[in-house]
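Next comes protein-v7.txt, a file with compact mmCIF, N, CA and C atoms and all ligand atoms.
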```txt
# COMPACT_ATOMS: atom_id res chain seq x y z
N MET A 1 110.45 72.44 60.85
CA MET A 1 109.14 72.54 61.46
C MET A 1 109.20 72.41 62.98
N LEU A 2 110.10 71.50 63.43
CA LEU A 2 110.25 71.31 64.87
C LEU A 2 110.79 72.58 65.53
N ASN A 3 111.51 73.38 64.72
CA ASN A 3 112.14 74.57 65.29
C ASN A 3 111.38 75.86 65.03
N GLU A 4 110.17 75.75 64.46
CA GLU A 4 109.36 76.94 64.25
C GLU A 4 109.16 77.65 65.58
N PRO A 5 109.18 79.01 65.56
CA PRO A 5 109.05 79.74 66.83
C PRO A 5 107.80 79.36 67.61
N THR A 6 106.66 79.19 66.92
CA THR A 6 105.42 78.87 67.66
C THR A 6 105.51 77.48 68.28
N THR A 7 106.14 76.56 67.57
CA THR A 7 106.28 75.20 68.10
C THR A 7 107.20 75.22 69.31
N HIS A 8 108.28 75.96 69.18
CA HIS A 8 109.23 76.04 70.30
C HIS A 8 108.57 76.72 71.51
N ALA A 9 107.75 77.72 71.25
CA ALA A 9 107.06 78.41 72.34
C ALA A 9 106.11 77.45 73.07
N LEU A 10 105.47 76.55 72.31
CA LEU A 10 104.57 75.59 72.94
C LEU A 10 105.36 74.61 73.81
N PHE A 11 106.52 74.20 73.30
CA PHE A 11 107.42 73.35 74.12
C PHE A 11 107.79 74.07 75.41
N GLU A 12 108.16 75.34 75.29
CA GLU A 12 108.58 76.09 76.49
C GLU A 12 107.44 76.23 77.49
N ALA A 13 106.23 76.39 76.98
CA ALA A 13 105.06 76.48 77.86
C ALA A 13 104.85 75.15 78.59
N ALA A 14 105.04 74.04 77.87
CA ALA A 14 104.88 72.72 78.51
C ALA A 14 105.95 72.51 79.58
N ARG A 15 107.15 72.93 79.26
CA ARG A 15 108.24 72.78 80.24
C ARG A 15 107.98 73.64 81.48
N GLU A 16 107.47 74.83 81.24
CA GLU A 16 107.14 75.72 82.36
C GLU A 16 106.02 75.09 83.21
N ALA A 17 105.02 74.54 82.53
CA ALA A 17 103.90 73.90 83.25
C ALA A 17 104.40 72.75 84.12
N MET A 18 105.37 72.02 83.60
CA MET A 18 105.92 70.87 84.34
C MET A 18 106.44 71.31 85.71
N GLY A 19 106.90 72.54 85.79
CA GLY A 19 107.41 73.08 87.05
C GLY A 19 106.33 73.21 88.12
N PHE A 20 105.06 73.15 87.70
CA PHE A 20 103.95 73.26 88.65
C PHE A 20 103.39 71.89 89.04
N ALA A 21 104.01 70.83 88.53
CA ALA A 21 103.49 69.48 88.82
C ALA A 21 103.47 69.22 90.33
N HIS A 22 102.45 68.49 90.75
CA HIS A 22 102.40 68.00 92.13
C HIS A 22 102.53 66.49 92.02
N ALA A 23 103.76 66.01 92.09
CA ALA A 23 104.02 64.59 91.85
C ALA A 23 104.91 64.00 92.94
N PRO A 24 104.50 64.15 94.23
CA PRO A 24 105.36 63.67 95.31
C PRO A 24 105.39 62.15 95.42
N TYR A 25 104.43 61.47 94.80
CA TYR A 25 104.33 60.01 94.95
C TYR A 25 105.09 59.30 93.83
N SER A 26 104.82 59.70 92.59
CA SER A 26 105.54 59.07 91.47
C SER A 26 106.90 59.73 91.25
N LYS A 27 107.06 60.96 91.70
CA LYS A 27 108.25 61.76 91.39
C LYS A 27 108.50 61.78 89.88
N PHE A 28 107.40 61.93 89.15
CA PHE A 28 107.45 61.91 87.69
C PHE A 28 106.65 63.11 87.17
N PRO A 29 107.27 64.31 87.24
CA PRO A 29 106.55 65.51 86.79
C PRO A 29 106.31 65.51 85.28
N VAL A 30 105.13 65.94 84.90
CA VAL A 30 104.75 66.03 83.48
C VAL A 30 104.12 67.40 83.24
N GLY A 31 104.39 67.96 82.07
CA GLY A 31 103.77 69.22 81.68
C GLY A 31 103.15 69.10 80.31
N ALA A 32 102.07 69.84 80.09
CA ALA A 32 101.41 69.85 78.78
C ALA A 32 101.01 71.27 78.45
N ALA A 33 101.06 71.61 77.16
CA ALA A 33 100.61 72.93 76.72
C ALA A 33 99.83 72.77 75.42
N ILE A 34 98.69 73.42 75.38
CA ILE A 34 97.78 73.35 74.23
C ILE A 34 97.74 74.70 73.53
N ARG A 35 97.84 74.69 72.19
CA ARG A 35 97.45 75.91 71.46
C ARG A 35 96.05 75.64 70.90
N ALA A 36 95.14 76.50 71.28
CA ALA A 36 93.74 76.31 70.92
C ALA A 36 93.36 77.16 69.71
N GLU A 37 92.11 77.05 69.31
CA GLU A 37 91.65 77.76 68.11
C GLU A 37 91.67 79.28 68.29
N ASP A 38 91.69 79.74 69.53
CA ASP A 38 91.76 81.19 69.77
C ASP A 38 93.20 81.70 69.73
N GLY A 39 94.14 80.80 69.45
CA GLY A 39 95.56 81.19 69.36
C GLY A 39 96.25 81.23 70.70
N LYS A 40 95.49 81.07 71.78
CA LYS A 40 96.09 81.14 73.11
C LYS A 40 96.68 79.80 73.52
N VAL A 41 97.60 79.87 74.49
CA VAL A 41 98.25 78.67 75.00
C VAL A 41 97.71 78.39 76.40
N TYR A 42 97.31 77.13 76.61
CA TYR A 42 96.77 76.71 77.91
C TYR A 42 97.66 75.61 78.46
N LYS A 43 98.01 75.74 79.75
CA LYS A 43 99.00 74.84 80.34
C LYS A 43 98.41 73.96 81.43
N GLY A 44 99.07 72.83 81.65
CA GLY A 44 98.65 71.96 82.74
C GLY A 44 99.78 71.06 83.19
N ALA A 45 99.67 70.58 84.42
CA ALA A 45 100.65 69.65 84.98
C ALA A 45 99.91 68.52 85.68
N ASN A 46 100.62 67.42 85.92
CA ASN A 46 99.97 66.33 86.67
C ASN A 46 99.85 66.71 88.14
N ILE A 47 98.74 66.30 88.73
CA ILE A 47 98.45 66.64 90.13
C ILE A 47 98.03 65.35 90.83
N GLU A 48 98.93 64.86 91.65
CA GLU A 48 98.70 63.56 92.30
C GLU A 48 98.03 63.74 93.66
N ASN A 49 97.64 62.60 94.24
CA ASN A 49 96.94 62.61 95.52
C ASN A 49 97.40 61.43 96.36
N LEU A 50 97.40 61.64 97.67
CA LEU A 50 97.77 60.58 98.60
C LEU A 50 96.93 59.33 98.36
N SER A 51 95.67 59.52 98.01
CA SER A 51 94.83 58.40 97.57
C SER A 51 95.10 58.24 96.08
N PHE A 52 96.06 57.40 95.73
CA PHE A 52 96.70 57.41 94.41
C PHE A 52 95.78 57.52 93.19
N PRO A 53 94.67 56.75 93.15
CA PRO A 53 93.86 56.84 91.91
C PRO A 53 93.20 58.20 91.72
N GLN A 54 93.22 59.03 92.74
CA GLN A 54 92.53 60.33 92.63
C GLN A 54 93.35 61.38 91.88
N GLY A 55 94.61 61.09 91.61
CA GLY A 55 95.42 62.07 90.88
C GLY A 55 95.04 62.11 89.42
N TRP A 56 95.57 63.12 88.71
CA TRP A 56 95.30 63.17 87.28
C TRP A 56 96.51 63.67 86.51
N CYS A 57 96.46 63.45 85.21
CA CYS A 57 97.59 63.71 84.32
C CYS A 57 97.69 65.20 83.93
N ALA A 58 98.82 65.53 83.30
CA ALA A 58 99.05 66.90 82.84
C ALA A 58 98.07 67.30 81.73
N GLU A 59 97.76 66.36 80.85
CA GLU A 59 96.93 66.70 79.69
C GLU A 59 95.53 67.16 80.09
N PRO A 60 94.82 66.41 80.98
CA PRO A 60 93.50 66.92 81.39
C PRO A 60 93.57 68.24 82.16
N SER A 61 94.69 68.50 82.86
CA SER A 61 94.85 69.81 83.50
C SER A 61 94.85 70.91 82.44
N ALA A 62 95.58 70.67 81.35
CA ALA A 62 95.65 71.67 80.27
C ALA A 62 94.30 71.79 79.56
N ILE A 63 93.63 70.66 79.38
CA ILE A 63 92.31 70.69 78.73
C ILE A 63 91.34 71.50 79.58
N SER A 64 91.40 71.29 80.89
CA SER A 64 90.52 72.03 81.79
C SER A 64 90.78 73.54 81.68
N ALA A 65 92.07 73.91 81.65
CA ALA A 65 92.42 75.34 81.53
C ALA A 65 91.86 75.90 80.21
N MET A 66 91.97 75.09 79.15
CA MET A 66 91.48 75.54 77.83
C MET A 66 89.97 75.76 77.86
N VAL A 67 89.25 74.80 78.38
CA VAL A 67 87.79 74.90 78.40
C VAL A 67 87.34 76.09 79.26
N MET A 68 87.98 76.25 80.41
CA MET A 68 87.61 77.37 81.29
C MET A 68 88.04 78.71 80.71
N GLY A 69 88.99 78.67 79.77
CA GLY A 69 89.41 79.90 79.08
C GLY A 69 88.50 80.24 77.91
N GLY A 70 87.55 79.35 77.63
CA GLY A 70 86.57 79.63 76.58
C GLY A 70 86.87 78.99 75.24
N ALA A 71 87.94 78.19 75.15
CA ALA A 71 88.28 77.56 73.87
C ALA A 71 87.83 76.09 73.87
N ARG A 72 87.69 75.53 72.68
CA ARG A 72 87.17 74.16 72.57
C ARG A 72 87.91 73.27 71.56
N GLN A 73 88.90 73.83 70.88
CA GLN A 73 89.59 73.02 69.87
C GLN A 73 91.08 73.01 70.12
N ILE A 74 91.63 71.81 70.23
CA ILE A 74 93.08 71.67 70.38
C ILE A 74 93.70 71.65 68.98
N LYS A 75 94.48 72.69 68.67
CA LYS A 75 95.16 72.73 67.37
C LYS A 75 96.46 71.95 67.44
N GLU A 76 97.19 72.10 68.55
CA GLU A 76 98.43 71.36 68.78
C GLU A 76 98.66 71.28 70.27
N ILE A 77 99.37 70.23 70.66
CA ILE A 77 99.63 70.04 72.10
C ILE A 77 101.04 69.49 72.28
N ALA A 78 101.75 70.04 73.25
CA ALA A 78 103.11 69.58 73.56
C ALA A 78 103.09 68.91 74.93
N VAL A 79 103.84 67.82 75.04
CA VAL A 79 103.92 67.08 76.31
C VAL A 79 105.39 66.83 76.63
N ILE A 80 105.72 67.02 77.91
CA ILE A 80 107.10 66.77 78.34
C ILE A 80 107.09 66.14 79.73
N ALA A 81 108.01 65.21 79.95
CA ALA A 81 108.20 64.61 81.27
C ALA A 81 109.67 64.77 81.64
N GLU A 82 109.89 65.08 82.91
CA GLU A 82 111.26 65.32 83.36
C GLU A 82 112.14 64.09 83.18
N LYS A 83 111.54 62.90 83.43
CA LYS A 83 112.35 61.68 83.51
C LYS A 83 112.17 60.71 82.34
N LEU A 84 111.61 61.21 81.25
CA LEU A 84 111.42 60.35 80.08
C LEU A 84 111.71 61.17 78.84
N ALA A 85 112.56 60.65 77.97
CA ALA A 85 112.96 61.41 76.79
C ALA A 85 111.75 61.81 75.95
N LEU A 86 110.85 60.88 75.73
CA LEU A 86 109.60 61.19 75.03
C LEU A 86 108.47 60.62 75.85
N CYS A 87 107.49 61.43 76.16
CA CYS A 87 106.38 60.96 77.00
C CYS A 87 105.09 60.96 76.19
N PRO A 88 104.77 59.85 75.53
CA PRO A 88 103.52 59.81 74.78
C PRO A 88 102.34 59.84 75.75
N PRO A 89 101.30 60.60 75.45
CA PRO A 89 100.14 60.63 76.34
C PRO A 89 99.61 59.22 76.60
N CYS A 90 99.20 58.97 77.84
CA CYS A 90 98.67 57.64 78.19
C CYS A 90 97.35 57.41 77.45
N GLY A 91 96.86 56.20 77.51
CA GLY A 91 95.64 55.84 76.77
C GLY A 91 94.46 56.72 77.13
N GLY A 92 94.26 56.91 78.43
CA GLY A 92 93.13 57.74 78.86
C GLY A 92 93.26 59.17 78.36
N CYS A 93 94.48 59.69 78.38
CA CYS A 93 94.71 61.06 77.91
C CYS A 93 94.46 61.17 76.41
N ARG A 94 94.79 60.13 75.66
CA ARG A 94 94.54 60.18 74.22
C ARG A 94 93.04 60.37 73.95
N GLN A 95 92.23 59.63 74.70
CA GLN A 95 90.78 59.77 74.53
C GLN A 95 90.32 61.17 74.94
N LYS A 96 90.90 61.69 76.02
CA LYS A 96 90.51 63.03 76.49
C LYS A 96 90.93 64.11 75.49
N ILE A 97 92.13 63.97 74.92
CA ILE A 97 92.58 64.94 73.90
C ILE A 97 91.66 64.84 72.68
N ALA A 98 91.34 63.60 72.28
CA ALA A 98 90.53 63.39 71.07
C ALA A 98 89.18 64.10 71.16
N GLU A 99 88.66 64.24 72.36
CA GLU A 99 87.37 64.91 72.55
C GLU A 99 87.38 66.34 71.98
N PHE A 100 88.55 66.97 72.00
CA PHE A 100 88.65 68.37 71.57
C PHE A 100 89.63 68.54 70.40
N ALA A 101 89.97 67.44 69.73
CA ALA A 101 90.97 67.48 68.66
C ALA A 101 90.39 66.95 67.36
N SER A 102 91.17 67.05 66.29
CA SER A 102 90.80 66.40 65.03
C SER A 102 91.87 65.34 64.74
N ALA A 103 91.64 64.56 63.70
CA ALA A 103 92.61 63.53 63.33
C ALA A 103 93.97 64.15 63.02
N GLU A 104 93.96 65.41 62.54
CA GLU A 104 95.21 66.08 62.13
C GLU A 104 95.90 66.82 63.27
N THR A 105 95.26 66.94 64.41
CA THR A 105 95.87 67.67 65.53
C THR A 105 97.26 67.11 65.81
N LYS A 106 98.22 68.02 65.94
CA LYS A 106 99.61 67.59 66.15
C LYS A 106 99.94 67.46 67.63
N VAL A 107 100.64 66.39 67.94
CA VAL A 107 101.09 66.15 69.31
C VAL A 107 102.61 66.18 69.29
N TYR A 108 103.20 67.10 70.04
CA TYR A 108 104.66 67.25 70.09
C TYR A 108 105.20 66.55 71.32
N LEU A 109 106.06 65.58 71.11
CA LEU A 109 106.70 64.88 72.22
C LEU A 109 108.06 65.52 72.42
N CYS A 110 108.30 65.97 73.64
CA CYS A 110 109.47 66.83 73.90
C CYS A 110 110.44 66.20 74.89
N ASP A 111 111.67 66.66 74.81
CA ASP A 111 112.61 66.45 75.91
C ASP A 111 113.08 67.82 76.37
N GLU A 112 114.06 67.85 77.23
CA GLU A 112 114.51 69.11 77.84
C GLU A 112 114.97 70.15 76.81
N SER A 113 115.39 69.67 75.61
CA SER A 113 115.93 70.63 74.64
C SER A 113 114.91 71.08 73.61
N GLY A 114 113.75 70.44 73.56
CA GLY A 114 112.74 70.88 72.59
C GLY A 114 111.89 69.73 72.07
N VAL A 115 111.19 70.00 70.96
CA VAL A 115 110.32 68.99 70.36
C VAL A 115 111.18 67.94 69.66
N GLN A 116 110.97 66.68 69.97
CA GLN A 116 111.77 65.61 69.37
C GLN A 116 110.99 64.75 68.39
N LYS A 117 109.67 64.74 68.54
CA LYS A 117 108.86 63.88 67.66
C LYS A 117 107.47 64.50 67.52
N VAL A 118 106.96 64.46 66.29
CA VAL A 118 105.62 64.98 66.03
C VAL A 118 104.73 63.84 65.58
N MET A 119 103.56 63.73 66.19
CA MET A 119 102.60 62.71 65.77
C MET A 119 101.24 63.38 65.61
N THR A 120 100.38 62.78 64.81
CA THR A 120 99.01 63.28 64.73
C THR A 120 98.14 62.46 65.67
N MET A 121 96.97 63.00 65.99
CA MET A 121 96.05 62.24 66.84
C MET A 121 95.63 60.94 66.17
N ASP A 122 95.53 60.99 64.84
CA ASP A 122 95.15 59.76 64.13
C ASP A 122 96.20 58.67 64.30
N GLU A 123 97.45 59.08 64.38
CA GLU A 123 98.52 58.09 64.62
C GLU A 123 98.51 57.60 66.07
N LEU A 124 98.22 58.51 66.99
CA LEU A 124 98.25 58.15 68.41
C LEU A 124 97.03 57.34 68.84
N LEU A 125 95.91 57.62 68.19
CA LEU A 125 94.67 56.95 68.61
C LEU A 125 93.89 56.49 67.36
N PRO A 126 94.44 55.49 66.65
CA PRO A 126 93.75 55.03 65.44
C PRO A 126 92.50 54.22 65.81
N PHE A 127 91.58 54.16 64.88
CA PHE A 127 90.35 53.36 65.04
C PHE A 127 89.69 53.70 66.38
N SER A 128 89.56 55.01 66.62
CA SER A 128 89.07 55.45 67.93
C SER A 128 87.55 55.34 68.03
N PHE A 129 87.08 55.37 69.26
CA PHE A 129 85.65 55.28 69.54
C PHE A 129 84.90 56.47 68.98
N LYS A 130 83.90 56.18 68.14
CA LYS A 130 83.03 57.24 67.60
C LYS A 130 81.62 56.69 67.59
N THR A 131 80.67 57.54 67.87
CA THR A 131 79.29 57.05 67.87
C THR A 131 78.62 57.24 66.51
N GLU A 132 79.29 58.05 65.64
CA GLU A 132 78.77 58.21 64.27
C GLU A 132 79.81 57.73 63.29
N LEU A 133 79.43 56.88 62.37
CA LEU A 133 80.41 56.35 61.41
C LEU A 133 80.38 57.14 60.11
N1 LIG A 201 101.19 61.19 83.55
C1 LIG A 201 100.79 62.30 82.88
O1 LIG A 201 100.68 63.40 83.45
N2 LIG A 201 100.49 62.18 81.55
C2 LIG A 201 100.60 61.03 80.84
O2 LIG A 201 100.22 60.98 79.67
C3 LIG A 201 101.20 59.86 81.46
C4 LIG A 201 101.34 59.90 82.93
C5 LIG A 201 101.46 61.31 84.99
C6 LIG A 201 100.49 60.58 85.89
C7 LIG A 201 101.29 60.39 87.14
O3 LIG A 201 101.15 61.56 87.94
C8 LIG A 201 102.74 60.29 86.64
O4 LIG A 201 102.72 60.77 85.31
C9 LIG A 201 103.30 58.89 86.67
O5 LIG A 201 102.51 58.01 86.00
```
Go ahead and render the structure in this file as structure tokens.
Amino acid sequence: MLNEPTTHALFEAAREAMGFAHAPYSKFPVGAAIRAEDGKVYKGANIENLSFPQGWCAEPSAISAMVMGGARQIKEIAVIAEKLALCPPCGGCRQKIAEFASAETKVYLCDESGVQKVMTMDELLPFSFKTEL
């Protein structure tokens, strides 16, 4: 499953996105790629700022690209960081992904060679905030 062509393509898109990171302060480039319900792939990278809290992560960059592309559902998302073997989305990103995902949405944690670990959103963000029970 980790080696399925579509999964590998999503990894490659995330790796490509990482090349667009603007991370001069942390020197920690991150890339993310989403496959949405329209079958298209949307990419994003982290974009930092001299005023440090103003920067943002790769995942919301990809979410923004997806929304502006007209899609609203994250079917699967791949994340890669240059300097970390597996880069689990940070807490804030988990909530942002959850906004457009389901409990079953797959999150692929990648290294330079491909997808190394698959998790669901339910595993990454259990007992999450919901206004309807
Ligand atoms: N970063 C991401 O892009 N995604 C995450 O899920 C974790 C952290 C970025 C933010 C910052 O630009 C750099 O990694 C170091 O924290």
Around ligand LIG 201 (chain A), at most 8 Å away and counting all atoms listed in the file, which residues are there? Put them as a PDB file with N, CA and C atoms, keeping the file's coordinate frame, please.
```pdb
ATOM      1  N   HIS A  22     102.450  68.490  90.750  1.00  0.00           N
ATOM      2  CA  HIS A  22     102.400  68.000  92.130  1.00  0.00           C
ATOM      3  C   HIS A  22     102.530  66.490  92.020  1.00  0.00           C
ATOM      4  N   ALA A  23     103.760  66.010  92.090  1.00  0.00           N
ATOM      5  CA  ALA A  23     104.020  64.590  91.850  1.00  0.00           C
ATOM      6  C   ALA A  23     104.910  64.000  92.940  1.00  0.00           C
ATOM      7  N   PRO A  24     104.500  64.150  94.230  1.00  0.00           N
ATOM      8  CA  PRO A  24     105.360  63.670  95.310  1.00  0.00           C
ATOM      9  C   PRO A  24     105.390  62.150  95.420  1.00  0.00           C
ATOM     10  N   TYR A  25     104.430  61.470  94.800  1.00  0.00           N
ATOM     11  CA  TYR A  25     104.330  60.010  94.950  1.00  0.00           C
ATOM     12  C   TYR A  25     105.090  59.300  93.830  1.00  0.00           C
ATOM     13  N   SER A  26     104.820  59.700  92.590  1.00  0.00           N
ATOM     14  CA  SER A  26     105.540  59.070  91.470  1.00  0.00           C
ATOM     15  C   SER A  26     106.900  59.730  91.250  1.00  0.00           C
ATOM     16  N   LYS A  27     107.060  60.960  91.700  1.00  0.00           N
ATOM     17  CA  LYS A  27     108.250  61.760  91.390  1.00  0.00           C
ATOM     18  C   LYS A  27     108.500  61.780  89.880  1.00  0.00           C
ATOM     19  N   PHE A  28     107.400  61.930  89.150  1.00  0.00           N
ATOM     20  CA  PHE A  28     107.450  61.910  87.690  1.00  0.00           C
ATOM     21  C   PHE A  28     106.650  63.110  87.170  1.00  0.00           C
ATOM     22  N   PRO A  29     107.270  64.310  87.240  1.00  0.00           N
ATOM     23  CA  PRO A  29     106.550  65.510  86.790  1.00  0.00           C
ATOM     24  C   PRO A  29     106.310  65.510  85.280  1.00  0.00           C
ATOM     25  N   VAL A  30     105.130  65.940  84.900  1.00  0.00           N
ATOM     26  CA  VAL A  30     104.750  66.030  83.480  1.00  0.00           C
ATOM     27  C   VAL A  30     104.120  67.400  83.240  1.00  0.00           C
ATOM     28  N   GLY A  31     104.390  67.960  82.070  1.00  0.00           N
ATOM     29  CA  GLY A  31     103.770  69.220  81.680  1.00  0.00           C
ATOM     30  C   GLY A  31     103.150  69.100  80.310  1.00  0.00           C
ATOM     31  N   ALA A  32     102.070  69.840  80.090  1.00  0.00           N
ATOM     32  CA  ALA A  32     101.410  69.850  78.780  1.00  0.00           C
ATOM     33  C   ALA A  32     101.010  71.270  78.450  1.00  0.00           C
ATOM     34  N   GLY A  44      99.070  72.830  81.650  1.00  0.00           N
ATOM     35  CA  GLY A  44      98.650  71.960  82.740  1.00  0.00           C
ATOM     36  C   GLY A  44      99.780  71.060  83.190  1.00  0.00           C
ATOM     37  N   ALA A  45      99.670  70.580  84.420  1.00  0.00           N
ATOM     38  CA  ALA A  45     100.650  69.650  84.980  1.00  0.00           C
ATOM     39  C   ALA A  45      99.910  68.520  85.680  1.00  0.00           C
ATOM     40  N   ASN A  46     100.620  67.420  85.920  1.00  0.00           N
ATOM     41  CA  ASN A  46      99.970  66.330  86.670  1.00  0.00           C
ATOM     42  C   ASN A  46      99.850  66.710  88.140  1.00  0.00           C
ATOM     43  N   ILE A  47      98.740  66.300  88.730  1.00  0.00           N
ATOM     44  CA  ILE A  47      98.450  66.640  90.130  1.00  0.00           C
ATOM     45  C   ILE A  47      98.030  65.350  90.830  1.00  0.00           C
ATOM     46  N   GLU A  48      98.930  64.860  91.650  1.00  0.00           N
ATOM     47  CA  GLU A  48      98.700  63.560  92.300  1.00  0.00           C
ATOM     48  C   GLU A  48      98.030  63.740  93.660  1.00  0.00           C
ATOM     49  N   ASN A  49      97.640  62.600  94.240  1.00  0.00           N
ATOM     50  CA  ASN A  49      96.940  62.610  95.520  1.00  0.00           C
ATOM     51  C   ASN A  49      97.400  61.430  96.360  1.00  0.00           C
ATOM     52  N   GLY A  55      94.610  61.090  91.610  1.00  0.00           N
ATOM     53  CA  GLY A  55      95.420  62.070  90.880  1.00  0.00           C
ATOM     54  C   GLY A  55      95.040  62.110  89.420  1.00  0.00           C
ATOM     55  N   TRP A  56      95.570  63.120  88.710  1.00  0.00           N
ATOM     56  CA  TRP A  56      95.300  63.170  87.280  1.00  0.00           C
ATOM     57  C   TRP A  56      96.510  63.670  86.510  1.00  0.00           C
ATOM     58  N   CYS A  57      96.460  63.450  85.210  1.00  0.00           N
ATOM     59  CA  CYS A  57      97.590  63.710  84.320  1.00  0.00           C
ATOM     60  C   CYS A  57      97.690  65.200  83.930  1.00  0.00           C
ATOM     61  N   ALA A  58      98.820  65.530  83.300  1.00  0.00           N
ATOM     62  CA  ALA A  58      99.050  66.900  82.840  1.00  0.00           C
ATOM     63  C   ALA A  58      98.070  67.300  81.730  1.00  0.00           C
ATOM     64  N   GLU A  59      97.760  66.360  80.850  1.00  0.00           N
ATOM     65  CA  GLU A  59      96.930  66.700  79.690  1.00  0.00           C
ATOM     66  C   GLU A  59      95.530  67.160  80.090  1.00  0.00           C
ATOM     67  N   PRO A  60      94.820  66.410  80.980  1.00  0.00           N
ATOM     68  CA  PRO A  60      93.500  66.920  81.390  1.00  0.00           C
ATOM     69  C   PRO A  60      93.570  68.240  82.160  1.00  0.00           C
ATOM     70  N   SER A  61      94.690  68.500  82.860  1.00  0.00           N
ATOM     71  CA  SER A  61      94.850  69.810  83.500  1.00  0.00           C
ATOM     72  C   SER A  61      94.850  70.910  82.440  1.00  0.00           C
ATOM     73  N   VAL A  79     103.840  67.820  75.040  1.00  0.00           N
ATOM     74  CA  VAL A  79     103.920  67.080  76.310  1.00  0.00           C
ATOM     75  C   VAL A  79     105.390  66.830  76.630  1.00  0.00           C
ATOM     76  N   ILE A  80     105.720  67.020  77.910  1.00  0.00           N
ATOM     77  CA  ILE A  80     107.100  66.770  78.340  1.00  0.00           C
ATOM     78  C   ILE A  80     107.090  66.140  79.730  1.00  0.00           C
ATOM     79  N   ALA A  81     108.010  65.210  79.950  1.00  0.00           N
ATOM     80  CA  ALA A  81     108.200  64.610  81.270  1.00  0.00           C
ATOM     81  C   ALA A  81     109.670  64.770  81.640  1.00  0.00           C
ATOM     82  N   CYS A  87     107.490  61.430  76.160  1.00  0.00           N
ATOM     83  CA  CYS A  87     106.380  60.960  77.000  1.00  0.00           C
ATOM     84  C   CYS A  87     105.090  60.960  76.190  1.00  0.00           C
ATOM     85  N   PRO A  88     104.770  59.850  75.530  1.00  0.00           N
ATOM     86  CA  PRO A  88     103.520  59.810  74.780  1.00  0.00           C
ATOM     87  C   PRO A  88     102.340  59.840  75.750  1.00  0.00           C
ATOM     88  N   PRO A  89     101.300  60.600  75.450  1.00  0.00           N
ATOM     89  CA  PRO A  89     100.140  60.630  76.340  1.00  0.00           C
ATOM     90  C   PRO A  89      99.610  59.220  76.600  1.00  0.00           C
ATOM     91  N   CYS A  90      99.200  58.970  77.840  1.00  0.00           N
ATOM     92  CA  CYS A  90      98.670  57.640  78.190  1.00  0.00           C
ATOM     93  C   CYS A  90      97.350  57.410  77.450  1.00  0.00           C
ATOM     94  N   GLY A  91      96.860  56.200  77.510  1.00  0.00           N
ATOM     95  CA  GLY A  91      95.640  55.840  76.770  1.00  0.00           C
ATOM     96  C   GLY A  91      94.460  56.720  77.130  1.00  0.00           C
ATOM     97  N   GLY A  92      94.260  56.910  78.430  1.00  0.00           N
ATOM     98  CA  GLY A  92      93.130  57.740  78.860  1.00  0.00           C
ATOM     99  C   GLY A  92      93.260  59.170  78.360  1.00  0.00           C
ATOM    100  N   CYS A  93      94.480  59.690  78.380  1.00  0.00           N
ATOM    101  CA  CYS A  93      94.710  61.060  77.910  1.00  0.00           C
ATOM    102  C   CYS A  93      94.460  61.170  76.410  1.00  0.00           C
ATOM    103  N   ARG A  94      94.790  60.130  75.660  1.00  0.00           N
ATOM    104  CA  ARG A  94      94.540  60.180  74.220  1.00  0.00           C
ATOM    105  C   ARG A  94      93.040  60.370  73.950  1.00  0.00           C
TER     106      ARG A  94
END
```
- Task: Step one, run DSSP on the backbone; step two, keep only residues of stretch 23-119 of chain A assigned to alpha helix (DSSP H); then write them as a PyMOL selection string.
- Result: chain A and resi 58-68+91-98
- prompt: Which is closest to A:Gly70 among A:Lys43, A:Phe100, A:Glu16, A:Asp38, if we use only C-alpha atoms?
  reply: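 Looking only at the distances to A:Gly70, the closest residue turns out to be A:Asp38.
For the residues A:Met119, A:Cys110, A:Ala21, A:Ala36, ranking by smallest atom-to-atom distance to A:Val67 using only C-alpha atoms places A:Ala36 first.
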### Message
Can you measure atom N of A:Leu84 to atom CA of A:Ala9 for me? One decimal in Å is fine.
### Response
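A separation of 19.9 Å between them.
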A:Leu10 proximity check over A:Pro126, A:Gly69, A:Gly39, A:Pro53, using only C-alpha atoms: winner is A:Gly39
Counting only N, CA and C atoms, the residue among A:Ser51, A:Gln73, A:Gln95, A:Thr7 that lies closest to A:Leu125 is A:Gln95
Could you check which of A:Leu109, A:Val115, A:Ala98, A:Ile34 is closest to A:Lys75, using all atoms listed in the file?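 So, comparing all the options, the nearest one is A:Ile34.
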In Å and to one decimal, atom CA of A:Ile97 is distant from atom CA of A:Ile77 by 8.9 Å
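Between A:Lys117 and the candidates A:Phe52, A:Tyr42, A:Ala33, A:Leu86, the tightest atom-to-atom separation, counting all atoms listed in the file, involves A:Leu86.
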| task | Give me every strand (DSSP E or B) residue in stretch 12-124 of chain A, going by DSSP on the backbone, as an NGL selection string. | result | :A and (22 or 30-36 or 41-45 or 47 or 56 or 74-81 or 84 or 106-111 or 114-120)
For the atom pair atom C of A:Lys106 and atom CA of A:Thr120, what is the interatomic distance in Å to one decimal place?
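We find that atom C of A:Lys106 and atom CA of A:Thr120 lie 5.2 Å from each other.
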